[in-house]
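Quick notes on the structure that follows.
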Amino acid sequence: MRRFELVTPGSVDDCLRALKGRGTEVQLLAGGTDLLPQLKNGLIKPATVVDLSGVAELRVLEGDAQRGFRVGAAVTARALERDARIRAIYPALAESAALVGSIQIRNLATIGGNLCNAAPSADMAPPLVALEAEAVVASGGGRRRVPVASFFSGVRRTVLAPDELLVEFVIPAPGPRSGGAYLRHTPRRELDIAVVGVASQVTLTDGVCAKARIALAAVAPTPVRATAAEQALAGQPMTPQTITRAADLAVEAAHPISDQRGSAEFRRHLVRILTRRTLAQALARASG
Ligand SMILES: Cc1cc2nc3c(=O)[nH]c(=O)nc-3n(C[C@H](O)[C@H](O)[C@H](O)COP(=O)(O)OP(=O)(O)OC[C@H]3O[C@@H](n4cnc5c(N)ncnc54)[C@H](O)[C@@H]3O)c2cc1C
C-alpha cells in the first residue's frame, strides 16, 4: 500500500478545506469497508485520506413520521437497522441496512459510503430511490440537493465532484397508509452481494394505489426505477392481478448482464418474483 497523509477534520467545513484543490488525489474514509480493500489491493493510491469519523454533523439521525428524516452520510447500517423509528416509518431502508455484510461490517459500513461507492448491487440505494430521498451535497461553493435517483452516473461513479462531500439524505415522510419493503436474492444467506435487489414503496387512498415506487438493484450499471410498473399501479386497486402485471412490467426496466453470479435471464426472473413479493409486503404494511 502506498503511504498517504491522513487528515482528521472535526467539521464539514474543515473537511471541505481538506478536499479543496486536491482532485482525485484525495479519498474520503467513512467506515472503510469498501475503501480499505481498494487501498490494500492497490486499486486506488491516494496521496491523502480524509477520515470522516470526527465529523459529528454526518451522524445526524432525526425526524418523525410527519416531517420525514435527515439521515447523515456517516450513519451506520447497524444504526439504521436498530432504530425503531426507521423500522416503523421506512421498513424498506431498515431491511436493506440489515442485509449488509455481517454485524461487524454493519457496525462500520455507512449509508453514505454505500451510495458513494456506487456498486450496482448496493443494498441501501433502492429503498432511498423508492422513498424519493434527496442527497445533500456540500462543496466550497455551498450546498446542493440531488435526488438519489439521479445520484449515480455509472458503475462505481456518482455525480459528486472530487471536492464535494455527501452530507446527508433527506427522506420525505411517506404519509398515512404507506408501506415499503426491500428484498434481495443471494446464493448465501449472509455475507454475499445481491444478484438482484428490489425495493417497493406504496401509498393507498380509498382502497386504490395512490402512488407506487419500485427501484431495482444489480440489473443495470446504476439503480433503476421501474416507472412503467409504477404507472400501471397508480389509481388501481392492488390485487394479485395488478401486482403480477406490475411485476411483469418491472422486468422491462431491467437491463442485466450475465456474470458468475447469475445469467441475465435469471436476473429478469428474479426481478419479477421480488417485485411481486415486495409489492405484496408493501401493501400489507400500508393496509396496517
Ligand atoms: C465482507 C463485506 C461484505 C459486504 N456486504 C455488503 C452487502 O451485503 N451489501 C452492500 O450493499 N454492501 C456490502 N459491502 C460493501 C460495504 O460494506 C458497503 O458498501 C458500505 O456501506 C460502505 O460504507 P463505508 O462507510 O464502509 O464506506 P467507505 O469504504 O469508507 O467509503 C466508500 C466510498 O465512498 C466514499 N465516501 C464515503 N463517505 C463519503 C461521503 N460522505 N461523501 C463522499 N464520499 C464518501 C469513499 O471515499 C469511498 O470511495 C460489503 C463489504 C464487505 C467488506
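Within each chain, counting starts at residue 1; across the C-alpha cells, chains are named A, B, ... in the order shown, with ligands numbered 1 upward in that order.
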Excluding range 113-127 of chain A and any residue of its chain fewer than 5 positions from it, enumerate the residues within 7 Å of it, using only C-alpha atoms, and give them as number ranges by chain.
A: 30, 92-93, 96-97, 100, 152, 155-158, 182, 193-194, 197-199, 215-218, 220-223
I'd like the neighbourhood of range 161-170 of chain A as a PDB file with C-alpha atoms, in the first residue's frame, where a residue qualifies if any of its atoms comes within 8 Å (using only C-alpha atoms), though same-chain residues fewer than 5 positions away should be ignored.
ATOM      1  CA  VAL A  12     -17.855  19.703   7.422  1.00  0.00           C
ATOM      2  CA  LEU A  16     -14.193  20.760   2.553  1.00  0.00           C
ATOM      3  CA  LEU A  19     -10.735  18.417  -0.226  1.00  0.00           C
ATOM      4  CA  LYS A  20     -10.204  21.753  -1.966  1.00  0.00           C
ATOM      5  CA  GLY A  21      -7.953  21.682  -4.989  1.00  0.00           C
ATOM      6  CA  ARG A  22      -6.642  18.152  -4.434  1.00  0.00           C
ATOM      7  CA  GLY A  23      -8.709  16.449  -7.159  1.00  0.00           C
ATOM      8  CA  THR A  24      -8.730  12.668  -7.168  1.00  0.00           C
ATOM      9  CA  VAL A  26      -7.720  12.663  -2.005  1.00  0.00           C
ATOM     10  CA  GLU A  57     -22.801  16.508  11.662  1.00  0.00           C
ATOM     11  CA  LEU A  58     -22.518  13.493   9.375  1.00  0.00           C
ATOM     12  CA  VAL A  60     -27.387  13.143  12.378  1.00  0.00           C
ATOM     13  CA  GLY A  68     -39.603  12.948   7.345  1.00  0.00           C
ATOM     14  CA  PHE A  69     -35.992  12.256   8.294  1.00  0.00           C
ATOM     15  CA  ARG A  70     -32.467  13.580   7.931  1.00  0.00           C
ATOM     16  CA  VAL A  71     -30.010  10.710   7.830  1.00  0.00           C
ATOM     17  CA  GLY A  72     -26.343  11.710   7.998  1.00  0.00           C
ATOM     18  CA  ALA A  73     -23.957  10.202   5.461  1.00  0.00           C
ATOM     19  CA  GLY A 112     -23.107   7.419   2.598  1.00  0.00           C
ATOM     20  CA  ALA A 133     -34.876  10.709  -0.950  1.00  0.00           C
ATOM     21  CA  GLU A 134     -32.503  13.529  -1.816  1.00  0.00           C
ATOM     22  CA  ALA A 135     -28.769  13.661  -1.187  1.00  0.00           C
ATOM     23  CA  VAL A 136     -27.422  16.882   0.329  1.00  0.00           C
ATOM     24  CA  VAL A 137     -24.007  17.581  -1.153  1.00  0.00           C
ATOM     25  CA  ALA A 138     -21.576  20.236   0.133  1.00  0.00           C
ATOM     26  CA  SER A 139     -18.641  21.958  -1.533  1.00  0.00           C
ATOM     27  CA  GLY A 140     -16.750  25.215  -1.034  1.00  0.00           C
TER      28      GLY A 140
END
Of the residues A:Ala109, A:Met238, A:Ala130, A:Ile44, which is the one nearest to ligand 1, using only C-alpha atoms and all ligand atoms?
A:Ala109
Atom 50 (C, counted along the ligand's line) of ligand 1 and CA of Leu99 in chain A are how many Å apart?
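For atom 50 (C, counted along the ligand's line) of ligand 1 relative to CA of Leu99 in chain A, the distance reads 9.7 Å.
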May I have a table of the residues of range 143-252 of chain A lying at most 12 Å from range 76-86 of chain A, giving each one's closest pair of atoms and their distance in Å to one decimal, counting only C-alpha atoms, ordered by chain and ascending residue number, as CSV?
residue,atom,partner,partner_atom,distance
A:Ile171,CA,A:Ile86,CA,10.7
A:Ala173,CA,A:Ile86,CA,11.1
A:Pro174,CA,A:Ile86,CA,11.6
A:Gly180,CA,A:Ile86,CA,11.6
File of the preceding selection, C-alpha atoms, as a PDB file, in the first residue's frame:
ATOM      1  CA  ILE A 171     -36.141  11.370   3.202  1.00  0.00           C
ATOM      2  CA  ALA A 173     -42.440  11.391   5.143  1.00  0.00           C
ATOM      3  CA  PRO A 174     -44.219   8.520   3.374  1.00  0.00           C
ATOM      4  CA  GLY A 180     -42.460  -0.404   1.840  1.00  0.00           C
TER       5      GLY A 180
END
Can you tell me how far atom 25 (O, counted along the ligand's line) of ligand 1 sits from CA of Phe151 in chain A, in Å to one decimal?
17.0 Å
Length of the CA of Met1 in chain A to atom 47 (O, counted along the ligand's line) of ligand 1 vector [Å]
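Going from CA of Met1 in chain A over to atom 47 (O, counted along the ligand's line) of ligand 1 covers 16.4 Å.
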Enumerate as a ChimeraX atom specification all residues of range 43-204 of chain A assigned to helix (DSSP H, G or I) by DSSP on the backbone, naming them with the chain letters and numbers the document uses.
/A:52-54,56-59,77-82,84-89,91-99,103-108,111-117,125-130,148-150
When you look at Ser287 in chain A with a cut-off of 8 Å (counting only C-alpha atoms), what residues show up, excluding the ones that are within fewer than 4 positions of it in the same chain? I need them as a list of chain:residue names.
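Residues meeting the cut-off are A:Arg177, A:Ser178, A:Gly179, A:Leu204, A:Leu283.
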Pick out the residues sitting within 9 Å of Ser102 in chain A, and hand them over as number ranges by chain; count only C-alpha atoms, and ignore anything fewer than 4 positions along from it in its own chain.
A: 98, 106-107, 190-191
Which polymer residues have any atom within 12 Å of an atom of Ala250 in chain A, counting only C-alpha atoms, with same-chain residues fewer than 4 positions away left out, as JSON, numbers by chain?
{"A": [198, 199, 200, 212, 213, 214, 215, 216, 217, 219, 224, 225, 226, 227, 228, 229, 230, 231, 232, 233, 243, 244, 245, 246, 254, 255, 267, 268, 269, 270, 271, 272, 273, 274, 275, 276, 279]}
Output N, CA and C atoms of each residue in that selection to a file, as a compact mmCIF listing (two decimals), in the first residue's frame.
# COMPACT_ATOMS: atom_id res chain seq x y z
N VAL A 198 -34.73 -5.54 -4.89
CA VAL A 198 -35.91 -4.75 -5.28
C VAL A 198 -36.50 -4.08 -4.04
N ALA A 199 -36.75 -2.76 -4.16
CA ALA A 199 -37.48 -2.03 -3.12
C ALA A 199 -38.80 -1.54 -3.71
N SER A 200 -39.87 -1.73 -2.95
CA SER A 200 -41.18 -1.19 -3.36
C SER A 200 -41.73 -0.33 -2.24
N ALA A 212 -47.04 4.38 -6.34
CA ALA A 212 -46.12 3.25 -6.17
C ALA A 212 -44.75 3.66 -6.69
N ARG A 213 -43.72 3.26 -5.98
CA ARG A 213 -42.35 3.47 -6.43
C ARG A 213 -41.61 2.13 -6.32
N ILE A 214 -40.95 1.75 -7.40
CA ILE A 214 -40.25 0.46 -7.43
C ILE A 214 -38.84 0.72 -7.94
N ALA A 215 -37.83 0.30 -7.18
CA ALA A 215 -36.43 0.51 -7.60
C ALA A 215 -35.68 -0.81 -7.56
N LEU A 216 -34.85 -1.01 -8.57
CA LEU A 216 -34.15 -2.28 -8.78
C LEU A 216 -32.65 -2.08 -8.64
N ALA A 217 -31.98 -3.07 -8.04
CA ALA A 217 -30.51 -3.06 -7.94
C ALA A 217 -29.94 -4.25 -8.68
N VAL A 219 -29.27 -4.79 -11.80
CA VAL A 219 -29.79 -5.18 -13.12
C VAL A 219 -29.41 -4.15 -14.19
N VAL A 224 -32.22 1.41 -10.93
CA VAL A 224 -33.21 1.93 -11.89
C VAL A 224 -34.60 1.89 -11.28
N ARG A 225 -35.40 2.86 -11.68
CA ARG A 225 -36.82 2.85 -11.29
C ARG A 225 -37.62 2.14 -12.36
N ALA A 226 -38.59 1.35 -11.93
CA ALA A 226 -39.48 0.64 -12.87
C ALA A 226 -40.72 1.51 -13.06
N THR A 227 -40.57 2.55 -13.87
CA THR A 227 -41.63 3.56 -13.95
C THR A 227 -42.91 3.04 -14.63
N ALA A 228 -42.77 2.19 -15.62
CA ALA A 228 -43.98 1.66 -16.28
C ALA A 228 -44.79 0.83 -15.28
N ALA A 229 -44.10 0.07 -14.45
CA ALA A 229 -44.79 -0.72 -13.42
C ALA A 229 -45.48 0.19 -12.41
N GLU A 230 -44.78 1.27 -12.03
CA GLU A 230 -45.37 2.23 -11.08
C GLU A 230 -46.65 2.83 -11.65
N GLN A 231 -46.57 3.22 -12.94
CA GLN A 231 -47.73 3.88 -13.56
C GLN A 231 -48.90 2.92 -13.71
N ALA A 232 -48.58 1.64 -13.95
CA ALA A 232 -49.65 0.65 -14.12
C ALA A 232 -50.44 0.46 -12.82
N LEU A 233 -49.80 0.71 -11.68
CA LEU A 233 -50.49 0.53 -10.39
C LEU A 233 -51.26 1.78 -9.96
N ILE A 243 -50.77 -6.59 -9.27
CA ILE A 243 -49.38 -6.75 -8.79
C ILE A 243 -48.58 -7.61 -9.77
N THR A 244 -49.19 -8.67 -10.27
CA THR A 244 -48.50 -9.52 -11.24
C THR A 244 -48.18 -8.74 -12.52
N ARG A 245 -49.14 -7.93 -12.96
CA ARG A 245 -48.92 -7.10 -14.16
C ARG A 245 -47.75 -6.12 -13.91
N ALA A 246 -47.73 -5.50 -12.74
CA ALA A 246 -46.63 -4.57 -12.42
C ALA A 246 -45.30 -5.31 -12.39
N ALA A 254 -35.37 -3.63 -16.43
CA ALA A 254 -34.09 -4.26 -16.09
C ALA A 254 -33.27 -4.52 -17.34
N HIS A 255 -31.99 -4.19 -17.27
CA HIS A 255 -31.06 -4.47 -18.38
C HIS A 255 -29.84 -5.19 -17.82
N ARG A 267 -31.70 -13.16 -13.76
CA ARG A 267 -31.92 -11.87 -13.08
C ARG A 267 -33.30 -11.31 -13.44
N ARG A 268 -33.71 -11.44 -14.71
CA ARG A 268 -35.05 -10.95 -15.08
C ARG A 268 -36.12 -11.73 -14.31
N HIS A 269 -35.91 -13.02 -14.19
CA HIS A 269 -36.85 -13.86 -13.42
C HIS A 269 -36.92 -13.34 -11.97
N LEU A 270 -35.75 -13.02 -11.39
CA LEU A 270 -35.72 -12.54 -10.00
C LEU A 270 -36.44 -11.20 -9.86
N VAL A 271 -36.29 -10.34 -10.86
CA VAL A 271 -36.98 -9.04 -10.79
C VAL A 271 -38.50 -9.27 -10.68
N ARG A 272 -39.00 -10.18 -11.49
CA ARG A 272 -40.44 -10.46 -11.48
C ARG A 272 -40.88 -10.97 -10.08
N ILE A 273 -40.14 -11.94 -9.57
CA ILE A 273 -40.51 -12.55 -8.28
C ILE A 273 -40.39 -11.54 -7.14
N LEU A 274 -39.25 -10.84 -7.10
CA LEU A 274 -39.01 -9.94 -5.97
C LEU A 274 -39.91 -8.71 -6.03
N THR A 275 -40.25 -8.27 -7.24
CA THR A 275 -41.19 -7.14 -7.33
C THR A 275 -42.55 -7.57 -6.79
N ARG A 276 -42.99 -8.74 -7.20
CA ARG A 276 -44.30 -9.23 -6.71
C ARG A 276 -44.28 -9.33 -5.18
N LEU A 279 -44.06 -5.82 -3.45
CA LEU A 279 -45.33 -5.09 -3.56
C LEU A 279 -46.36 -5.68 -2.60
Contact residues around Leu43 in chain A with only C-alpha atoms at 12 Å, ignoring same-chain residues under 5 positions, as a list in words:
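So the residues in contact are Met1, Arg2, Asp34, Leu35, Leu36, Pro37 and Gln38 of chain A.
Distances here use only C-alpha atoms and all ligand atoms; by that measure, the residue among A:Asp14, A:Asp64, A:Asp206, A:Asp51 closest to ligand 1 is A:Asp51.
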So which residues of range 47-281 of chain A fall under strand (DSSP E) by DSSP, listed as a ChimeraX atom specification?
/A:48-51,61-64,68-72,134-139,142-147,152-154,157-158,165-171,178-185,196-205,208-217,224-225
Which residue gives the smallest distance to ligand 1 among A:Ser153, A:Ser258, A:Gln236, A:Thr33, with only C-alpha atoms and all ligand atoms counted?
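Smallest separation from ligand 1 among the options: A:Thr33.
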Which residue, A:Arg59, A:Arg277, A:Arg3, A:Arg87, has the smallest gap to ligand 1 when you use only C-alpha atoms and all ligand atoms?
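That would be A:Arg59, the residue with the smallest distance to ligand 1.
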Using only C-alpha atoms and all ligand atoms, the best pick from A:Val159, A:Ala149, A:Leu29, A:Cys15 as closest to ligand 1 would be A:Leu29
